[in-house]
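Report on the following structure.
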Amino acid sequence: MNVEPNDLLLFARVVDEHSFSRAAERLGLPKSTVSRRVSALEAQLGERLLLRTTRQLTLTDFGHSVLEHAHQIASEADAAALLAQHRQVQPSGRLRVSMPADFASNVLAPMLATFVQKYPAISLELDLTPRRVDLIGENFDVAIRMGDLTDDSTLAARRLATFTAGLYASPSYLARRGQPSEPEALMEHDGLRLLGRSGDAVPWVLLRDPARWEGIPPGRATANSPDVLMRMALAGAGITLVSDYFAEPHVRAGTLLPVLPDWRPPSTDAWAVFPGRRLMPARTRVLLDEVQSVLSGPQCQAEEHRIEETLRLAKQGVSPP
């Protein structure tokens, strides 16, 4: 005999509330559903559990015996509900996150340090390799990814921010090789190029409405780390395409200069990607909220204003203050 645990739970609630109506209200179910399920339980067990009159409910002897087991199920259900409620109040557990190393170190490092102190019950594990992890197969909670996303019905995504980018080089390199006046002139310069997932250098795409240029300049180096390419550019090794957010502090310091500021690469979206068929754990939710607050907070907004001012001055041929 397979007794439905939910029916035992309903029976326990009816006894505790001394009423089908009050039990149904507490459970958020129609009274007819509760009455029908308890009757089905009696039919399955082959004996009456309750004697019903218009004024009261009376437990049978058999009902008293079954009630002990029903209360055990109800207690376990209450404990599970309390556990879920506690986890919502105090997020906990192992939180596995994949994100680009450059993004983690240049944008999120202070937030991550604060996060692990704010949520001591969460065990944060960061995978900072450039590979695209299998979120479900490798049991990751969330991945932060840049650019276009693949179509995958098992995953859901939330856009976090949009980043602009540009071409940059050191003053020493431009003094030695000259400032290119048009995109085609980049083919005579040394490119520090990003390595794509295909194993080839990612083409540079530059836009100046309505014109478009695409090409792969001769490479002095190709790497899968924008941060490394930017540091090579700082050392005078060539021109690189990098996020304005990463480059702007060096532009203000005078150690990097915009190249072809009228020509801009397409912007890149940052996404949070997570399993779409699971209930999002509280630990994942609070992390995404913290990341979103950083990317929409005053520090990032101030950085965006500085980038706009830097580009405006660069187009006028004026160095930023």
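Residue numbering restarts at 1 for every chain of the structure tokens, chains are lettered A, B, ... in their displayed order, and ligands are numbered from 1 as they appear.
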Excluding Asp269 of chain A and any residue of its chain fewer than 2 positions from it, enumerate the residues within 9 Å of it, using only C-alpha atoms, and give them as number ranges by chain. A: 145-148, 159-164, 267, 271
Test item: residues at most 9 Å from Arg177 of chain A, only C-alpha atoms, excluding those fewer than 4 positions along its chain, as a ChimeraX atom specification: /A:172-173,189
Keeping only N, CA, C and O atoms, write the selected residues to a file as a CSV table (one decimal), in the first residue's frame.
```csv
chain,number,residue,atom,x,y,z
A,172,SER,N,55.3,56.3,-25.7
A,172,SER,CA,56.6,56.0,-26.3
A,172,SER,C,56.4,55.2,-27.6
A,172,SER,O,57.2,55.4,-28.6
A,173,TYR,N,55.4,54.3,-27.7
A,173,TYR,CA,55.2,53.6,-29.0
A,173,TYR,C,54.7,54.6,-30.1
A,173,TYR,O,55.2,54.5,-31.2
A,189,HIS,N,51.1,48.7,-38.3
A,189,HIS,CA,51.5,48.9,-36.9
A,189,HIS,C,51.6,47.5,-36.2
A,189,HIS,O,51.2,46.5,-36.8
```
With only C-alpha atoms as the counted atoms, please give the residues lying no more than 10 Å from Leu51 of chain A, apart from itself and same-chain residues fewer than 6 positions off, as number ranges by chain. A: 57-60, 63
Grab the residues selected above and save them as a PDB file, in the first residue's frame with all heavy atoms.
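Dumped everything to again11.pdb:
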```pdb
ATOM      1  N   LEU A  57     -15.485  17.571  14.900  1.00  0.00           N
ATOM      2  CA  LEU A  57     -14.780  16.429  14.338  1.00  0.00           C
ATOM      3  C   LEU A  57     -14.265  15.588  15.495  1.00  0.00           C
ATOM      4  O   LEU A  57     -13.715  16.128  16.462  1.00  0.00           O
ATOM      5  CB  LEU A  57     -13.594  16.886  13.478  1.00  0.00           C
ATOM      6  CG  LEU A  57     -13.910  17.694  12.223  1.00  0.00           C
ATOM      7  CD1 LEU A  57     -12.602  18.174  11.583  1.00  0.00           C
ATOM      8  CD2 LEU A  57     -14.700  16.850  11.232  1.00  0.00           C
ATOM      9  N   THR A  58     -14.436  14.280  15.399  1.00  0.00           N
ATOM     10  CA  THR A  58     -13.974  13.388  16.453  1.00  0.00           C
ATOM     11  C   THR A  58     -13.067  12.334  15.843  1.00  0.00           C
ATOM     12  O   THR A  58     -13.400  11.726  14.818  1.00  0.00           O
ATOM     13  CB  THR A  58     -15.160  12.693  17.148  1.00  0.00           C
ATOM     14  OG1 THR A  58     -16.063  13.682  17.637  1.00  0.00           O
ATOM     15  CG2 THR A  58     -14.670  11.823  18.295  1.00  0.00           C
ATOM     16  N   LEU A  59     -11.899  12.145  16.447  1.00  0.00           N
ATOM     17  CA  LEU A  59     -10.969  11.128  15.981  1.00  0.00           C
ATOM     18  C   LEU A  59     -11.447   9.737  16.381  1.00  0.00           C
ATOM     19  O   LEU A  59     -11.882   9.531  17.522  1.00  0.00           O
ATOM     20  CB  LEU A  59      -9.585  11.359  16.577  1.00  0.00           C
ATOM     21  CG  LEU A  59      -8.630  12.311  15.859  1.00  0.00           C
ATOM     22  CD1 LEU A  59      -7.406  12.558  16.733  1.00  0.00           C
ATOM     23  CD2 LEU A  59      -8.208  11.754  14.517  1.00  0.00           C
ATOM     24  N   THR A  60     -11.355   8.809  15.458  1.00  0.00           N
ATOM     25  CA  THR A  60     -11.590   7.413  15.796  1.00  0.00           C
ATOM     26  C   THR A  60     -10.334   6.853  16.464  1.00  0.00           C
ATOM     27  O   THR A  60      -9.275   7.483  16.466  1.00  0.00           O
ATOM     28  CB  THR A  60     -11.899   6.597  14.525  1.00  0.00           C
ATOM     29  OG1 THR A  60     -10.735   6.589  13.684  1.00  0.00           O
ATOM     30  CG2 THR A  60     -13.080   7.190  13.773  1.00  0.00           C
ATOM     31  N   GLY A  63      -7.868   6.621  13.919  1.00  0.00           N
ATOM     32  CA  GLY A  63      -7.383   7.966  13.618  1.00  0.00           C
ATOM     33  C   GLY A  63      -6.299   8.418  14.577  1.00  0.00           C
ATOM     34  O   GLY A  63      -5.312   9.051  14.181  1.00  0.00           O
TER      35      GLY A  63
END
```
Where in segment 89-238 of chain A does DSSP assign strand (DSSP E or B), given as a PyMOL selection string? chain A and resi 93-98+122-127+142-146+155-163+165-169+191-195+201+204-208+211-215+219-223
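If you count only C-alpha atoms and ignore residues fewer than 5 places along the chain from Leu112 of chain A, what sits within 12 Å of it is Val97, Phe103, Ala104, Ser105, Asn106, Val107, Gln117, Lys118, Tyr119, Ile122, Ser123, Leu124, Glu125, Leu126, Val286, Leu287, Leu288, Glu290, Val291 and Val294 of chain A.
Restricting the calculation to only C-alpha atoms, the smallest distance between Pro217 of chain A and any of A:Leu195, A:Ala201, A:Ile73, A:Ala253 is found for A:Ala201.
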Counting only C-alpha atoms, closest pick from A:Leu155, A:Arg48, A:Gly236, A:Asp102 relative to Ala175 of chain A is A:Gly236
Please identify which residues in segment 86-126 of chain A DSSP calls helix (DSSP H, G or I) from the backbone, and express them as a PyMOL selection string. chain A and resi 86-89+101-118
Determine, counting only C-alpha atoms, which protein, DNA and RNA residues have an atom within 10 Å of an atom of Met187 of chain A; residues of the same chain fewer than 5 positions away are not included. Present the result as a list of chain:residue names. A:Pro180, A:Gly215, A:Ile216, A:Pro217, A:Pro218, A:Gly219
How would the residues just chosen look if you wrote them out with all heavy atoms as an mmCIF file, in the first residue's frame?
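Below is the file result28.cif, written as the result:
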```cif
data_model
loop_
_atom_site.group_PDB
_atom_site.id
_atom_site.type_symbol
_atom_site.label_atom_id
_atom_site.label_comp_id
_atom_site.auth_asym_id
_atom_site.auth_seq_id
_atom_site.Cartn_x
_atom_site.Cartn_y
_atom_site.Cartn_z
ATOM 1 N N PRO A 180 48.353 56.477 -36.142
ATOM 2 C CA PRO A 180 47.644 56.177 -37.387
ATOM 3 C C PRO A 180 46.500 57.166 -37.609
ATOM 4 O O PRO A 180 45.814 57.549 -36.660
ATOM 5 C CB PRO A 180 47.140 54.754 -37.181
ATOM 6 C CG PRO A 180 47.142 54.538 -35.720
ATOM 7 C CD PRO A 180 48.243 55.379 -35.170
ATOM 8 N N GLY A 215 39.622 44.237 -39.537
ATOM 9 C CA GLY A 215 40.906 43.691 -39.933
ATOM 10 C C GLY A 215 41.656 43.109 -38.755
ATOM 11 O O GLY A 215 41.261 43.286 -37.590
ATOM 12 N N ILE A 216 42.733 42.395 -39.055
ATOM 13 C CA ILE A 216 43.605 41.841 -38.019
ATOM 14 C C ILE A 216 45.004 42.382 -38.282
ATOM 15 O O ILE A 216 45.699 41.911 -39.192
ATOM 16 C CB ILE A 216 43.615 40.299 -38.048
ATOM 17 C CG1 ILE A 216 42.193 39.755 -37.875
ATOM 18 C CG2 ILE A 216 44.514 39.756 -36.941
ATOM 19 C CD1 ILE A 216 42.104 38.235 -37.925
ATOM 20 N N PRO A 217 45.439 43.391 -37.522
ATOM 21 C CA PRO A 217 46.775 43.964 -37.736
ATOM 22 C C PRO A 217 47.863 42.921 -37.498
ATOM 23 O O PRO A 217 47.647 41.927 -36.788
ATOM 24 C CB PRO A 217 46.846 45.094 -36.697
ATOM 25 C CG PRO A 217 45.426 45.389 -36.348
ATOM 26 C CD PRO A 217 44.700 44.089 -36.462
ATOM 27 N N PRO A 218 49.015 43.120 -38.087
ATOM 28 C CA PRO A 218 50.144 42.208 -37.819
ATOM 29 C C PRO A 218 50.373 42.108 -36.316
ATOM 30 O O PRO A 218 50.336 43.099 -35.593
ATOM 31 C CB PRO A 218 51.314 42.882 -38.533
ATOM 32 C CG PRO A 218 50.690 43.771 -39.550
ATOM 33 C CD PRO A 218 49.389 44.220 -38.990
ATOM 34 N N GLY A 219 50.598 40.898 -35.841
ATOM 35 C CA GLY A 219 50.632 40.693 -34.393
ATOM 36 C C GLY A 219 52.026 40.605 -33.829
ATOM 37 O O GLY A 219 52.863 39.856 -34.310
#
```
Extract, using only C-alpha atoms, all DNA, RNA and protein residues at most 8 Å from segment 202-210 of chain A, discarding same-chain residues fewer than 6 positions from it, and format them as a PyMOL selection string. chain A and resi 183+193-196+216+241+262-266
Taking only C-alpha atoms into account, name the residue in A:Leu234, A:Val3, A:Ala40, A:Val273 that is nearest to Asp134 of chain A.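 Looking at the shortest contact to Asp134 of chain A, the residue is A:Val273.
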Which neighbours of Thr284 of chain A fall inside 8 Å, counting only C-alpha atoms, when residues of the same chain fewer than 4 positions from it are skipped, and could you give them as a list in words? Leu95, Asp141, Val142, Met280 and Leu288 of chain A
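In this structure, atom CA of Ala165 of chain A sits 8.0 Å away from atom CA of Thr268 of chain A.
Among the candidate residues A:Met111, A:Ala282, A:Leu192, A:Val251, the one lying nearest to Ala237 of chain A is A:Leu192, with distances computed using only C-alpha atoms.
Between atom CA of Leu29 of chain A and atom CA of Leu10 of chain A the interatomic distance comes to 10.1 Å.
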Of A:Ala74, A:Ala272, A:Pro120, A:Ile307, the one sitting nearest Pro249 of chain A when using only C-alpha atoms is A:Ile307
